[in-house]
file target07.cif (mmCIF, C-alpha atoms)
data_query
#
loop_
_atom_site.label_atom_id
_atom_site.label_comp_id
_atom_site.auth_asym_id
_atom_site.auth_seq_id
_atom_site.Cartn_x
_atom_site.Cartn_y
_atom_site.Cartn_z
CA MET A 1 0.00 0.00 0.00
CA ILE A 2 2.66 2.50 1.11
CA VAL A 3 4.86 1.37 -1.76
CA GLU A 4 2.03 1.85 -4.22
CA ILE A 5 1.53 5.40 -2.97
CA LEU A 6 5.28 6.05 -3.29
CA VAL A 7 5.38 4.67 -6.82
CA SER A 8 2.40 6.70 -7.92
CA ALA A 9 3.83 9.83 -6.23
CA CYS A 10 7.06 9.40 -8.20
CA LEU A 11 5.12 8.94 -11.43
CA VAL A 12 2.99 12.02 -10.79
CA ILE A 13 6.06 14.15 -9.96
CA SER A 14 7.80 12.95 -13.13
CA GLY A 15 4.70 13.72 -15.16
CA ILE A 16 4.44 17.23 -13.75
CA PHE A 17 8.08 18.02 -14.49
CA GLY A 18 7.80 16.64 -18.01
CA LEU A 19 4.77 18.81 -18.60
CA VAL A 20 6.43 21.93 -17.17
CA GLY A 21 9.47 21.31 -19.38
CA SER A 22 7.31 21.11 -22.48
CA PHE A 23 5.28 24.15 -21.40
CA GLY A 24 8.53 26.12 -21.05
CA MET A 25 9.20 25.50 -24.74
CA ILE A 26 6.05 27.43 -25.61
CA LYS A 27 6.21 30.10 -22.95
CA LEU A 28 9.82 31.32 -22.98
CA PRO A 29 10.53 34.01 -25.58
CA ASP A 30 13.89 33.24 -27.24
CA PRO A 31 15.76 30.07 -28.28
CA MET A 32 18.56 30.32 -25.69
CA MET A 33 16.00 30.56 -22.89
CA ARG A 34 13.90 27.78 -24.36
CA LEU A 35 16.95 25.54 -24.20
CA HIS A 36 16.83 25.71 -20.37
CA ALA A 37 13.41 24.11 -20.14
CA PRO A 38 14.01 20.68 -21.71
CA THR A 39 17.61 20.21 -20.43
CA LYS A 40 16.56 20.67 -16.82
CA ALA A 41 12.93 20.15 -16.08
CA THR A 42 13.02 16.80 -17.87
CA THR A 43 15.97 15.33 -15.91
CA LEU A 44 13.82 15.07 -12.81
CA GLY A 45 10.89 14.06 -15.05
CA VAL A 46 12.73 11.02 -16.36
CA GLY A 47 14.42 10.44 -12.99
CA GLY A 48 11.08 10.18 -11.22
CA ALA A 49 9.82 7.57 -13.67
CA LEU A 50 13.03 5.54 -13.22
CA ILE A 51 12.85 5.65 -9.41
CA ALA A 52 9.20 4.55 -9.64
CA SER A 53 10.26 1.65 -11.86
CA MET A 54 13.02 0.54 -9.43
CA LEU A 55 10.64 0.74 -6.44
CA TYR A 56 7.98 -1.21 -8.30
CA PHE A 57 10.30 -4.03 -9.35
CA TYR A 58 11.93 -4.32 -5.92
CA PHE A 59 8.84 -4.25 -3.69
CA ILE A 60 6.02 -5.50 -5.89
CA ALA A 61 7.50 -7.71 -8.61
CA GLY A 62 10.09 -8.95 -6.06
CA GLN A 63 13.25 -8.69 -8.11
CA PHE A 64 16.08 -6.23 -7.85
CA SER A 65 16.35 -4.18 -11.02
CA TYR A 66 19.10 -1.64 -11.47
CA HIS A 67 19.49 -0.98 -15.17
CA GLU A 68 17.38 2.13 -14.61
CA LEU A 69 20.53 3.66 -13.12
CA MET A 70 22.14 3.22 -16.51
CA ILE A 71 19.45 5.33 -18.20
CA THR A 72 20.16 8.05 -15.63
CA LEU A 73 23.88 7.79 -16.35
CA PHE A 74 23.39 8.09 -20.11
CA LEU A 75 20.97 10.97 -19.61
CA PHE A 76 23.56 12.84 -17.55
CA LEU A 77 26.17 12.24 -20.24
CA THR A 78 24.02 13.20 -23.22
CA ALA A 79 21.90 16.10 -21.89
CA PRO A 80 24.82 18.56 -21.50
CA ILE A 81 26.28 17.58 -24.87
CA THR A 82 23.03 18.07 -26.78
CA GLY A 83 22.51 21.35 -24.93
CA HIS A 84 26.00 22.47 -25.95
CA PHE A 85 25.43 21.49 -29.60
CA ILE A 86 22.13 23.34 -29.82
CA ALA A 87 23.62 26.42 -28.13
CA LYS A 88 26.58 26.44 -30.54
CA THR A 89 24.33 26.06 -33.57
CA HIS A 90 22.23 28.92 -32.30
CA LEU A 91 25.35 31.08 -31.84
CA HIS A 92 26.39 30.36 -35.43
CA LEU A 93 22.98 31.07 -36.91
CA SER A 94 21.64 34.10 -35.11
CA HIS A 95 24.26 35.82 -32.98
CA LYS A 96 27.07 38.17 -33.83
CA PRO A 97 30.32 38.05 -31.81
CA GLY A 98 29.51 41.58 -30.62
CA ASP A 99 26.41 40.36 -28.74
CA LEU A 100 28.47 38.22 -26.38
CA PRO A 101 30.78 39.24 -23.54
CA SER A 102 34.45 39.36 -24.53
CA THR A 103 36.56 36.25 -23.92
CA GLY A 104 39.07 38.13 -21.80
CA THR A 105 41.88 36.60 -23.89
CA ASP A 106 43.23 37.57 -27.31
CA ARG A 107 41.37 34.77 -29.11
CA PRO A 108 37.60 34.77 -29.81
CA TRP A 109 34.96 32.24 -28.70
CA ALA A 110 35.59 28.93 -30.46
CA SER A 111 32.42 29.23 -32.60
CA TYR A 112 33.67 32.43 -34.20
CA GLU A 113 37.29 31.57 -34.91
CA SER A 114 37.82 30.64 -38.56
CA ASP A 115 39.80 27.49 -39.40
CA ALA A 116 42.43 29.55 -41.20
CA GLU A 117 43.01 31.71 -38.14
CA ARG A 118 43.22 28.71 -35.84
CA GLN A 119 45.76 27.01 -38.10
CA ARG A 120 47.84 30.16 -38.25
CA ILE A 121 47.93 30.49 -34.45
CA GLU A 122 48.67 26.81 -33.89
CA GLU A 123 51.51 26.87 -36.40
CA ALA A 124 52.94 29.96 -34.73
CA GLN A 125 52.79 28.16 -31.38
CA ARG A 126 54.52 25.10 -32.79
CA ALA A 127 57.25 27.25 -34.32
CA SER A 128 58.02 29.08 -31.08
CA MET B 1 53.90 -3.07 -15.83
CA LEU B 2 50.61 -2.41 -14.05
CA ARG B 3 50.20 0.64 -16.22
CA LYS B 4 50.35 -1.53 -19.32
CA ILE B 5 47.63 -3.92 -18.14
CA LEU B 6 45.47 -1.19 -16.62
CA PRO B 7 45.93 2.02 -18.63
CA HIS B 8 42.69 3.48 -17.25
CA PRO B 9 41.69 1.77 -13.98
CA PHE B 10 38.59 3.93 -13.48
CA LEU B 11 37.44 3.15 -17.04
CA THR B 12 37.88 -0.57 -16.30
CA LEU B 13 35.83 -0.25 -13.13
CA SER B 14 33.03 1.72 -14.79
CA LEU B 15 32.90 -0.71 -17.74
CA ILE B 16 32.42 -3.61 -15.33
CA VAL B 17 29.67 -1.76 -13.47
CA VAL B 18 27.96 -0.67 -16.71
CA TRP B 19 28.03 -4.25 -18.03
CA GLN B 20 26.35 -5.47 -14.83
CA MET B 21 23.66 -2.82 -15.28
CA LEU B 22 23.14 -3.72 -18.94
CA VAL B 23 22.46 -7.41 -18.24
CA ASN B 24 20.59 -6.45 -15.03
CA LYS B 25 21.32 -9.80 -13.35
CA LEU B 26 24.25 -10.42 -11.03
CA THR B 27 25.78 -13.83 -11.75
CA LEU B 28 29.36 -15.08 -11.73
CA GLY B 29 29.36 -15.50 -15.52
CA ASN B 30 28.23 -11.94 -16.13
CA LEU B 31 30.81 -10.64 -13.67
CA ALA B 32 33.56 -12.59 -15.47
CA LEU B 33 32.46 -11.38 -18.90
CA GLY B 34 32.24 -7.81 -17.61
CA THR B 35 35.74 -8.05 -16.15
CA ILE B 36 37.14 -9.39 -19.44
CA LEU B 37 35.52 -6.52 -21.36
CA GLY B 38 36.68 -4.04 -18.73
CA LEU B 39 40.27 -5.27 -19.11
CA ILE B 40 40.35 -5.48 -22.92
CA ILE B 41 38.57 -2.27 -23.98
CA PRO B 42 40.87 0.19 -22.13
CA VAL B 43 43.96 -1.53 -23.57
CA ILE B 44 42.61 -1.39 -27.13
CA THR B 45 41.49 2.24 -26.85
CA SER B 46 44.47 3.56 -24.86
CA PRO B 47 46.33 4.84 -28.02
CA TYR B 48 43.48 7.31 -28.53
CA TRP B 49 43.65 8.60 -24.96
CA PRO B 50 47.32 8.76 -24.06
CA ASN B 51 47.42 10.98 -20.96
CA ARG B 52 45.10 9.68 -18.32
CA PRO B 53 43.84 12.24 -15.84
CA SER B 54 45.03 11.36 -12.37
CA LEU B 55 42.08 10.92 -10.02
CA ARG B 56 43.31 10.56 -6.50
CA ASN B 57 40.76 11.91 -4.13
CA LEU B 58 37.92 9.34 -3.96
CA PRO B 59 35.99 10.92 -1.03
CA ARG B 60 36.13 14.23 -2.88
CA ILE B 61 34.64 12.64 -6.01
CA ILE B 62 31.77 11.13 -4.00
CA GLU B 63 31.18 14.48 -2.29
CA TYR B 64 31.13 16.20 -5.69
CA VAL B 65 28.67 13.71 -7.22
CA ALA B 66 26.33 14.04 -4.23
CA LEU B 67 26.50 17.83 -4.37
CA VAL B 68 25.72 17.88 -8.10
CA LEU B 69 22.82 15.43 -7.73
CA TRP B 70 21.32 17.60 -4.99
CA ASP B 71 21.82 20.73 -7.10
CA ILE B 72 20.10 19.06 -10.06
CA CYS B 73 16.98 18.46 -7.95
CA VAL B 74 17.05 22.08 -6.75
CA ALA B 75 17.65 23.24 -10.34
CA ASN B 76 14.57 21.41 -11.58
CA VAL B 77 12.34 23.05 -9.01
CA GLN B 78 13.83 26.51 -9.61
CA VAL B 79 13.51 26.29 -13.39
CA ALA B 80 9.95 24.95 -13.05
CA TYR B 81 9.15 27.90 -10.77
CA ILE B 82 10.55 30.40 -13.28
CA ILE B 83 8.64 28.81 -16.16
CA LEU B 84 5.33 28.64 -14.32
CA PHE B 85 5.17 31.73 -12.13
CA LYS B 86 7.50 34.38 -13.49
CA SER B 87 6.38 36.61 -16.33
CA ASN B 88 8.76 36.90 -19.26
CA ALA B 89 9.29 40.59 -18.51
CA ASP B 90 10.56 39.71 -15.02
CA THR B 91 13.18 37.16 -16.06
CA HIS B 92 16.60 38.55 -16.86
CA PRO B 93 18.57 36.23 -19.13
CA ALA B 94 22.28 37.04 -19.30
CA TRP B 95 25.54 35.86 -20.83
CA VAL B 96 28.29 35.26 -18.29
CA ARG B 97 31.97 34.72 -18.95
CA ILE B 98 33.71 32.38 -16.54
CA PRO B 99 37.51 32.63 -16.54
CA LEU B 100 38.88 29.12 -16.06
CA ASP B 101 41.59 28.04 -13.64
CA LEU B 102 41.32 24.43 -14.84
CA ASN B 103 43.73 23.23 -17.51
CA THR B 104 42.96 19.58 -18.27
CA PRO B 105 40.30 18.97 -20.97
CA GLU B 106 38.61 16.32 -18.79
CA ALA B 107 38.12 18.76 -15.92
CA ILE B 108 36.76 21.48 -18.22
CA THR B 109 34.32 18.97 -19.75
CA MET B 110 33.13 18.00 -16.28
CA LEU B 111 32.67 21.65 -15.32
CA ALA B 112 30.76 22.45 -18.53
CA GLY B 113 28.51 19.41 -18.02
CA THR B 114 27.86 20.31 -14.40
CA ILE B 115 26.98 23.89 -15.33
CA THR B 116 24.45 22.70 -17.90
CA MET B 117 22.79 20.33 -15.40
CA THR B 118 22.52 22.84 -12.52
CA PRO B 119 20.29 25.87 -11.72
CA GLY B 120 19.32 27.98 -14.71
CA THR B 121 22.69 27.90 -16.45
CA ILE B 122 23.87 26.39 -19.75
CA SER B 123 27.46 26.31 -20.93
CA SER B 124 27.39 27.42 -24.56
CA ASP B 125 30.92 27.94 -25.79
CA LEU B 126 34.58 27.81 -24.89
CA SER B 127 37.11 30.42 -25.94
CA ALA B 128 39.44 29.20 -28.68
CA ASP B 129 42.38 28.89 -26.28
CA GLY B 130 40.35 27.13 -23.57
CA GLN B 131 40.78 29.96 -21.04
CA SER B 132 37.16 30.96 -20.49
CA LEU B 133 33.71 29.48 -20.69
CA LEU B 134 30.59 31.18 -22.04
CA VAL B 135 27.53 30.50 -19.89
CA HIS B 136 23.93 31.49 -20.53
CA CYS B 137 21.75 32.16 -17.46
CA LEU B 138 17.99 31.88 -17.57
CA ASP B 139 17.40 34.37 -14.79
CA ALA B 140 20.39 36.29 -13.45
CA PRO B 141 19.75 39.76 -12.05
CA ASP B 142 23.39 39.74 -10.90
CA PRO B 143 25.66 37.91 -13.41
CA ASP B 144 28.81 38.40 -11.33
CA ALA B 145 27.28 36.49 -8.41
CA VAL B 146 26.57 33.54 -10.74
CA ARG B 147 30.17 33.53 -11.90
CA ASP B 148 31.54 33.65 -8.34
CA GLU B 149 29.22 30.88 -7.20
CA ILE B 150 30.19 28.54 -10.04
CA LYS B 151 33.87 29.19 -9.39
CA ALA B 152 33.58 28.62 -5.65
CA ARG B 153 31.14 25.72 -5.69
CA TYR B 154 32.20 23.57 -8.64
CA GLU B 155 35.50 24.72 -10.08
CA ARG B 156 37.34 24.70 -6.76
CA ARG B 157 36.20 21.12 -6.06
CA LEU B 158 37.07 19.95 -9.60
CA LYS B 159 40.52 21.47 -9.23
CA GLU B 160 41.05 19.42 -6.09
CA ILE B 161 39.90 16.25 -7.89
CA PHE B 162 41.75 16.60 -11.19
CA GLU B 163 44.81 18.78 -10.58
#
call {"tool": "encode", "arguments": {"input": "target07.cif", "output": "structure tokens"}}
result
Amino acid sequence: MIVEILVSACLVISGIFGLVGSFGMIKLPDPMMRLHAPTKATTLGVGGALIASMLYFYFIAGQFSYHELMITLFLFLTAPITGHFIAKTHLHLSHKPGDLPSTGTDRPWASYESDAERQRIEEAQRAS
Amino acid sequence: MLRKILPHPFLTLSLIVVWQMLVNKLTLGNLALGTILGLIIPVITSPYWPNRPSLRNLPRIIEYVALVLWDICVANVQVAYIILFKSNADTHPAWVRIPLDLNTPEAITMLAGTITMTPGTISSDLSADGQSLLVHCLDAPDPDAVRDEIKARYERRLKEIFE
């Protein structure tokens, strides 16, 4: 009984966070802000469903199941990388280097450095 | 000698654990197969990853993982709150530059990943020489405070773990 309540609580929480994440996609005004909604609100959304699954299998189906942890692990590895890719694509498509804060060093942000310039600098470093 | 057999001991360990999770059943045969894979794969792939980062401080790593997991839960609630209850005119998105003290690529990757997973921040770009990180904040009335918090909370701990 208690376990069933716990499992359903986890599922409800995960559902709410998934919904909020999707709602953020509609509500937030520009692409960089929209990126925040799915990368975060859904981690707990998926996490809740996985915890519910582990609880269910351990207490109700009577077997210890832990490959849910693996889904969490892969999610933590892939979510930042997809976020980074989308952000970089967005920088390329609709930002100018002037919109961003300066790098504080003499080279630009990696998205804005041309291949020719990078090669020139790297060759100069190798030569010295 | 030991270095030749185990070029990446942590990779070996995580491969064994991941194999156990994949088959989802703990038997002696699975453990043996996992160990064989965990021993062979790092040796085969070691030419592509010549300098292994030295991870010494195990309690520190556990502390860091726990801290990040906790922050992810907090981040979810905060971002949900901003999405649901704050009007778009009230949120102040901002770009923040974080000057890096970390040098190893592995540590910078960890920091960038952590920043993306935690409260209202996404790491978007790295400067071409790897000296600073570009971070986008969903709601940052005070961008300097965000920078100082990331440096004190995550970068300092990663520096202790990796360098």
call {"tool": "interface_residues", "arguments": {"input": "target07.cif", "of": "chain A", "to": "chain B", "cutoff": "9 Å", "atoms": "only C-alpha atoms", "output": "ChimeraX atom specification"}}
result
/A:17,20-21,23-24,27-29,32-37,39-45,64-70,76-77,79-81,83-88,91,100-113,118
call {"tool": "resolve_selection", "arguments": {"input": "target07.cif", "expression": "the PyMOL selection byres ((chain B and resi 150) around 10)", "output": "VMD selection string"}}
result
chain B and resid 98 111 114 to 115 118 121 145 to 149 151 to 156
call {"tool": "write_last_selection", "arguments": {"input": "target07.cif", "atoms": "C-alpha atoms", "output": "short mmCIF file (atom, residue, chain, number, x, y, z; two decimals), keeping the file's coordinate frame"}}
result
data_model
loop_
_atom_site.label_atom_id
_atom_site.label_comp_id
_atom_site.auth_asym_id
_atom_site.auth_seq_id
_atom_site.Cartn_x
_atom_site.Cartn_y
_atom_site.Cartn_z
CA ILE B 98 33.71 32.38 -16.54
CA LEU B 111 32.67 21.65 -15.32
CA THR B 114 27.86 20.31 -14.40
CA ILE B 115 26.98 23.89 -15.33
CA THR B 118 22.52 22.84 -12.52
CA THR B 121 22.69 27.90 -16.45
CA ALA B 145 27.28 36.49 -8.41
CA VAL B 146 26.57 33.54 -10.74
CA ARG B 147 30.17 33.53 -11.90
CA ASP B 148 31.54 33.65 -8.34
CA GLU B 149 29.22 30.88 -7.20
CA LYS B 151 33.87 29.19 -9.39
CA ALA B 152 33.58 28.62 -5.65
CA ARG B 153 31.14 25.72 -5.69
CA TYR B 154 32.20 23.57 -8.64
CA GLU B 155 35.50 24.72 -10.08
CA ARG B 156 37.34 24.70 -6.76
#
call {"tool": "atom_distance", "arguments": {"input": "target07.cif", "atom1": "atom CA of B:Leu13", "atom2": "atom CA of B:Trp49"}}
result
16.7 Å
call {"tool": "resolve_selection", "arguments": {"input": "target07.cif", "expression": "the PyMOL selection byres ((chain B and resi 38) around 8)", "output": "PyMOL selection string"}}
result
chain B and resi 11-16+34-37+39-42
call {"tool": "atom_distance", "arguments": {"input": "target07.cif", "atom1": "atom CA of A:Phe59", "atom2": "atom CA of A:Cys10"}}
result
14.5 Å
call {"tool": "closest_residue", "arguments": {"input": "target07.cif", "among": "B:Leu100, B:His92, B:Asn57, B:Val68", "to": "B:Ile161", "atoms": "only C-alpha atoms"}}
result
B:Asn57
call {"tool": "atom_distance", "arguments": {"input": "target07.cif", "atom1": "atom CA of A:Gly15", "atom2": "atom CA of A:Phe74"}}
result
20.1 Å
call {"tool": "closest_residue", "arguments": {"input": "target07.cif", "among": "A:Pro38, A:Ile26, A:Ser14, A:His95", "to": "A:Thr82", "atoms": "all atoms listed in the file"}}
result
A:Pro38
